[in-house]
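Novice: Input structure: run_26.tsv, which contains TSV, C-alpha atoms.
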```tsv
chain	number	residue	atom	x	y	z
T	245	MET	CA	104.17	106.81	77.46
T	246	LYS	CA	104.94	108.06	73.96
T	247	GLN	CA	103.72	111.20	72.20
T	248	PHE	CA	102.93	111.46	68.49
T	249	LEU	CA	102.02	114.43	66.32
T	250	LEU	CA	99.37	113.55	63.74
T	251	THR	CA	98.38	115.86	60.89
T	252	PRO	CA	94.81	115.44	59.62
T	253	SER	CA	96.01	113.46	56.60
T	254	ALA	CA	98.16	111.17	58.75
T	255	GLY	CA	95.17	110.70	61.02
T	256	LYS	CA	93.01	109.66	58.08
T	257	HIS	CA	95.58	107.07	57.07
T	258	LEU	CA	95.85	105.75	60.63
T	259	ILE	CA	92.07	105.40	60.92
T	260	ALA	CA	91.99	103.47	57.65
T	261	LYS	CA	94.74	101.08	58.74
T	262	ALA	CA	92.80	100.28	61.88
T	263	LEU	CA	89.38	99.94	60.27
T	264	ILE	CA	90.56	97.24	57.87
T	265	VAL	CA	91.02	94.96	60.89
T	266	HIS	CA	87.81	96.05	62.65
T	267	PRO	CA	85.86	92.85	63.42
T	268	ALA	CA	82.57	94.15	61.99
T	269	ILE	CA	84.25	95.17	58.73
T	270	GLN	CA	86.11	91.86	58.48
T	271	ASN	CA	82.83	89.98	58.96
T	272	ALA	CA	81.06	92.10	56.34
T	273	LEU	CA	83.83	91.42	53.85
T	274	LYS	CA	83.60	87.67	54.49
T	275	SER	CA	79.86	87.17	54.46
T	276	GLY	CA	78.01	90.41	53.86
T	277	THR	CA	78.17	93.81	52.23
T	278	LEU	CA	80.46	96.70	53.12
T	279	VAL	CA	79.42	100.18	52.07
T	280	ILE	CA	82.09	102.88	52.24
T	281	VAL	CA	80.34	106.20	51.71
T	282	ALA	CA	82.47	108.67	49.80
T	283	GLY	CA	84.52	111.04	51.96
T	284	THR	CA	88.12	112.11	52.37
T	285	THR	CA	88.82	109.88	55.38
T	286	ASN	CA	86.91	106.98	53.85
T	287	GLY	CA	88.99	107.30	50.70
T	288	TYR	CA	91.98	106.02	52.64
T	289	LEU	CA	89.92	103.09	53.92
T	290	ALA	CA	88.64	102.23	50.46
T	291	GLU	CA	92.20	102.34	49.12
T	292	GLU	CA	93.50	100.04	51.86
T	293	ILE	CA	90.72	97.49	51.47
T	294	LEU	CA	90.81	97.37	47.68
T	295	ASN	CA	94.60	97.03	47.74
T	296	ASN	CA	94.28	94.13	50.19
T	297	LEU	CA	91.80	92.49	47.83
T	298	ASN	CA	94.17	93.17	44.92
T	299	ILE	CA	91.46	95.16	43.14
T	300	LYS	CA	92.74	97.90	40.86
T	301	GLY	CA	91.16	101.03	39.41
T	302	PHE	CA	90.33	103.10	42.49
T	303	SER	CA	91.56	106.62	43.21
T	304	ARG	CA	90.61	108.63	46.30
T	305	GLN	CA	91.27	111.89	44.42
T	306	ARG	CA	87.55	112.65	43.92
T	307	PHE	CA	86.11	110.26	46.48
T	308	PHE	CA	83.90	112.77	48.27
T	309	ARG	CA	80.67	114.71	47.93
T	310	GLY	CA	80.47	117.74	50.18
T	311	ILE	CA	83.79	119.12	51.47
T	312	THR	CA	85.05	122.19	53.27
T	313	LEU	CA	87.49	124.40	51.37
T	314	PRO	CA	88.93	127.88	52.02
T	315	PRO	CA	86.59	130.74	50.99
T	316	ASP	CA	88.63	131.56	47.88
T	317	LYS	CA	88.25	128.11	46.32
T	318	THR	CA	85.64	127.18	43.70
T	319	ILE	CA	82.81	125.43	45.48
T	320	THR	CA	79.03	125.69	45.64
T	321	ASN	CA	77.13	126.91	48.68
T	322	GLN	CA	76.36	123.31	49.63
T	323	GLY	CA	80.01	122.30	49.90
T	324	ARG	CA	80.07	120.68	46.46
T	325	LEU	CA	82.62	121.17	43.72
T	326	ALA	CA	81.38	123.00	40.66
T	327	ASP	CA	82.52	120.03	38.51
T	328	GLU	CA	81.67	116.59	39.93
T	329	SER	CA	82.16	114.66	36.70
T	330	GLN	CA	85.04	112.67	38.21
T	331	PHE	CA	83.06	111.42	41.22
T	332	PRO	CA	83.48	107.60	41.20
T	333	GLY	CA	80.51	106.66	43.38
T	334	ASP	CA	80.68	104.98	46.76
T	335	ILE	CA	82.57	101.75	47.37
T	336	ILE	CA	80.25	98.75	47.65
T	337	ILE	CA	81.95	95.42	48.32
T	338	SER	CA	80.05	92.12	48.47
T	339	LYS	CA	81.82	88.76	48.69
T	340	ASN	CA	85.16	90.46	47.97
T	341	THR	CA	83.75	91.96	44.78
T	342	TRP	CA	83.68	95.72	44.14
T	343	GLN	CA	80.36	96.75	42.63
T	344	LYS	CA	82.01	99.48	40.65
T	345	GLY	CA	80.02	102.63	39.93
T	346	LYS	CA	77.28	101.94	42.46
T	347	THR	CA	76.36	104.22	45.36
T	348	ILE	CA	74.66	103.68	48.69
T	349	GLU	CA	71.39	104.64	46.99
T	350	ASP	CA	71.63	101.51	44.85
T	351	VAL	CA	72.01	99.10	47.78
T	352	ALA	CA	70.56	100.78	50.90
T	353	ASP	CA	67.24	98.93	50.75
T	354	THR	CA	68.96	95.52	50.43
T	355	LEU	CA	71.30	95.85	53.42
T	356	THR	CA	70.63	93.57	56.39
T	357	LYS	CA	72.05	92.63	59.78
T	358	GLY	CA	75.76	91.86	59.44
T	359	ASP	CA	76.33	94.47	56.74
T	360	VAL	CA	78.31	97.60	57.56
T	361	ILE	CA	78.14	101.21	56.44
T	362	VAL	CA	81.16	103.45	57.03
T	363	LYS	CA	80.44	107.16	56.88
T	364	GLY	CA	82.29	110.36	57.80
T	365	ALA	CA	81.18	113.25	59.99
T	366	ASN	CA	81.63	116.99	60.44
T	367	ALA	CA	81.48	117.22	64.23
T	368	ILE	CA	82.48	114.83	67.00
T	369	ASP	CA	81.98	114.84	70.75
T	370	LEU	CA	84.88	112.94	72.30
T	371	VAL	CA	83.35	112.89	75.77
T	372	HIS	CA	80.22	111.01	74.74
T	373	LYS	CA	81.76	109.36	71.65
T	374	GLN	CA	79.12	110.77	69.36
T	375	ALA	CA	79.21	112.35	65.92
T	376	ALA	CA	77.09	114.63	63.76
T	377	LEU	CA	76.86	115.64	60.14
T	378	LEU	CA	76.21	118.84	58.26
T	379	ILE	CA	73.27	118.34	55.92
T	380	GLY	CA	72.84	120.22	52.65
T	381	HIS	CA	70.50	117.82	50.84
T	382	PRO	CA	66.71	118.22	51.23
T	383	LYS	CA	66.36	114.47	51.95
T	384	ALA	CA	69.41	114.34	54.25
T	385	GLY	CA	71.70	112.94	51.57
T	386	THR	CA	73.52	109.67	52.21
T	387	ALA	CA	72.62	109.79	55.91
T	388	GLY	CA	68.96	109.78	54.94
T	389	LEU	CA	69.61	106.63	52.93
T	390	ALA	CA	71.68	104.91	55.61
T	391	LEU	CA	69.55	105.45	58.71
T	392	PRO	CA	66.53	103.31	57.69
T	393	ALA	CA	68.93	100.37	57.31
T	394	VAL	CA	70.58	101.15	60.66
T	395	PHE	CA	67.36	101.56	62.64
T	396	GLY	CA	65.14	99.24	60.65
T	397	ARG	CA	67.43	96.28	59.94
T	398	ARG	CA	70.29	96.57	62.45
T	399	VAL	CA	72.93	97.40	59.85
T	400	LYS	CA	76.03	98.61	61.67
T	401	LEU	CA	77.12	102.21	61.13
T	402	ILE	CA	80.74	103.16	61.79
T	403	VAL	CA	81.51	106.88	61.78
T	404	ALA	CA	85.12	107.48	60.78
T	405	ALA	CA	86.24	111.00	61.65
T	406	GLY	CA	89.50	112.71	62.55
T	407	LEU	CA	90.13	114.51	65.81
T	408	GLU	CA	90.30	117.88	64.06
T	409	LYS	CA	86.48	117.70	63.90
T	410	ARG	CA	86.02	117.74	67.66
T	411	ILE	CA	83.67	120.33	69.13
T	412	THR	CA	82.31	121.09	72.57
T	413	GLY	CA	78.66	121.04	73.49
T	414	ASP	CA	75.80	118.61	73.23
T	415	LEU	CA	75.25	117.56	69.62
T	416	HIS	CA	71.51	117.13	70.05
T	417	ARG	CA	71.15	120.60	71.55
T	418	ILE	CA	73.13	122.03	68.66
T	419	ALA	CA	70.90	120.18	66.20
T	420	LEU	CA	67.78	121.69	67.74
T	421	LYS	CA	69.25	125.17	67.37
T	422	ILE	CA	70.69	124.79	63.87
T	423	ASN	CA	67.58	123.08	62.48
T	424	GLU	CA	65.10	125.80	63.55
T	425	CYS	CA	62.93	126.92	60.65
T	426	ASP	CA	64.16	130.53	60.81
T	427	THR	CA	67.88	129.68	60.45
T	428	GLU	CA	69.98	129.64	57.28
T	429	GLY	CA	72.77	127.41	56.02
T	430	TYR	CA	73.37	123.74	56.67
T	431	ARG	CA	71.20	121.52	58.80
T	432	PHE	CA	72.75	119.36	61.52
T	433	MET	CA	72.15	115.66	62.11
T	434	PRO	CA	73.51	113.59	65.05
T	435	LEU	CA	74.52	110.13	63.88
T	436	PRO	CA	73.83	106.88	65.78
T	437	GLY	CA	76.96	104.99	64.77
T	438	GLU	CA	80.18	103.84	66.44
T	439	LEU	CA	82.60	106.77	66.48
T	440	PHE	CA	86.06	105.79	65.27
T	441	THR	CA	88.90	108.33	65.53
T	442	GLU	CA	92.68	108.14	65.76
T	443	LEU	CA	92.27	107.27	69.45
T	444	GLU	CA	90.21	104.17	68.69
T	445	ALA	CA	92.64	103.35	65.87
T	446	PHE	CA	95.67	103.19	68.17
T	447	LYS	CA	93.66	101.14	70.67
T	448	LEU	CA	92.50	98.60	68.10
T	449	LEU	CA	95.87	98.26	66.38
T	450	CYS	CA	98.16	98.17	69.40
T	451	GLY	CA	96.11	97.81	72.56
T	452	VAL	CA	97.37	101.11	73.94
T	453	ASP	CA	95.35	103.78	75.69
T	454	ALA	CA	95.41	106.92	73.55
T	455	GLU	CA	94.58	110.45	74.65
T	456	LEU	CA	94.43	113.81	72.91
T	457	ILE	CA	96.75	116.17	74.83
T	458	ALA	CA	97.28	119.18	72.55
T	459	ALA	CA	96.46	120.45	69.10
T	460	GLY	CA	97.28	122.99	66.41
T	461	GLY	CA	100.16	123.95	64.17
T	462	VAL	CA	101.24	125.93	61.11
T	463	ASN	CA	103.10	125.45	57.83
T	464	GLY	CA	101.31	122.20	57.01
T	465	ALA	CA	100.48	121.18	60.58
T	466	GLU	CA	97.20	123.12	60.75
T	467	GLY	CA	94.65	120.93	62.51
T	468	ALA	CA	97.33	118.58	63.84
T	469	CYS	CA	96.89	116.75	67.12
T	470	TRP	CA	99.31	115.59	69.79
T	471	ILE	CA	98.35	112.14	71.02
T	472	ALA	CA	99.82	110.40	74.07
T	473	VAL	CA	99.73	106.60	74.06
T	474	SER	CA	100.45	104.35	77.00
T	475	GLY	CA	100.67	100.61	77.41
T	476	SER	CA	103.25	97.89	77.73
T	477	ILE	CA	106.68	98.39	76.17
T	478	ASP	CA	105.72	96.12	73.27
T	479	GLN	CA	102.42	97.94	72.74
T	480	GLU	CA	104.08	101.35	72.71
T	481	GLN	CA	106.74	100.14	70.30
T	482	ALA	CA	104.02	98.78	68.02
T	483	ALA	CA	102.29	102.18	68.11
T	484	LYS	CA	105.58	103.90	67.26
T	485	LYS	CA	106.14	101.55	64.33
T	486	ILE	CA	102.70	102.26	62.91
T	487	TYR	CA	103.12	105.99	63.48
T	488	THR	CA	106.41	106.03	61.60
T	489	LYS	CA	104.70	104.56	58.54
T	490	ILE	CA	101.99	107.23	58.33
T	491	ALA	CA	103.55	110.29	60.00
T	492	ASN	CA	104.62	112.01	56.77
T	493	GLU	CA	101.39	111.47	54.85
T	494	SER	CA	100.99	114.23	52.26
T	495	SER	CA	98.26	116.79	52.74
T	496	PHE	CA	95.02	116.11	50.89
T	497	THR	CA	94.87	117.99	47.58
T	498	LEU	CA	92.19	118.21	44.90
```
In structure tokens, write the structure found in this file.

Specialist:
Amino acid sequence: MKQFLLTPSAGKHLIAKALIVHPAIQNALKSGTLVIVAGTTNGYLAEEILNNLNIKGFSRQRFFRGITLPPDKTITNQGRLADESQFPGDIIISKNTWQKGKTIEDVADTLTKGDVIVKGANAIDLVHKQAALLIGHPKAGTAGLALPAVFGRRVKLIVAAGLEKRITGDLHRIALKINECDTEGYRFMPLPGELFTELEAFKLLCGVDAELIAAGGVNGAEGACWIAVSGSIDQEQAAKKIYTKIANESSFTL
């Protein structure tokens, strides 16, 4: 067994490196449409995929909509930056071509079985492998656009989220409580997709079993997670090699 310390930014990079070899994403790139909804974790995925396709012109610097920042930072009450002029749109790739400037709103109604949507989350339940999203938009934002394709046309939804977003409790029970008509603040939506965290990333990339064993830190390690991986000697060495490449990923900055 080996133990690795992953900061949130290193975790995002690890998730991205694994998702680019995810069978559903590979199939969508070959014969369908891949929609990467803007988000900080998904920015790493978009960067990896576009680099593999040798497509230039993407920056993950503003590749998000709602985000969580410290209370002293400039942000609206819906988690949005005061200035969103640099938002590049989502990443839509069809037949290895980036439909630059488009968003999920432009393509949601055309998605069909075999296509894939990758979206982030704000809360994850590791026990049941489920995820949920904070909602600030009156029509449920990008989730409201994605779900008709998921339920109506069997489009696959992959929820990419780091372990720092883990919570305890039943997500559906929390949604009932948060979404009561007499409450204030965000709404809360459980998502029906395949949850993909750092644990699934290590498994897909190396074949190891990965387990969260501890968490926390300071001085740049806030939100960090200790992960134990176990497998054959070759599998553990492969995990160590991958970890070494992403361990010192810089913290996300605006």

Novice: Within 9 Å of Glu466 in chain T, counting all atoms listed in the file, which residues qualify if same-chain residues fewer than 6 places away don't, as a list in words?

Specialist: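 Residues meeting the cut-off are Thr251, Pro252, Ala459 and Gly460 of chain T.
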
Novice: Report, in Å with one decimal, the straight-line distance from CA of Lys409 in chain T to CA of Ile368 in chain T.

Specialist: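 CA of Ile368 in chain T lies at a distance of 5.8 Å from CA of Lys409 in chain T.
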
Novice: Restricting the calculation to all atoms listed in the file: of T:Leu389, T:Ala268, T:Ala404, T:Ile336, which residue gets closest to Gly283 in chain T?

Specialist: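 Using all atoms listed in the file, the shortest distance to Gly283 in chain T belongs to T:Ala404.
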
Novice: From the options T:Phe496, T:Phe331, T:Tyr288, T:Phe248, which residue's atoms come nearest to Lys484 in chain T, counting all atoms listed in the file?

Specialist: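 Residue with the minimum atom-to-atom distance to Lys484 in chain T: T:Phe248.
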
Novice: Name all residues at most 7 Å from Thr277 in chain T (count only C-alpha atoms; drop same-chain ones fewer than 6 positions away) and give them as a list of chain:residue names.

Specialist: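 These residues fall inside the cut-off: T:Ile337, T:Ser338, T:Asp359, T:Val360.
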
Novice: Could you please determine the separation between CA of Val265 in chain T and CA of Ala445 in chain T in Å, to one decimal place?

Specialist: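 According to the coordinates, CA of Val265 in chain T and CA of Ala445 in chain T are separated by 9.9 Å.
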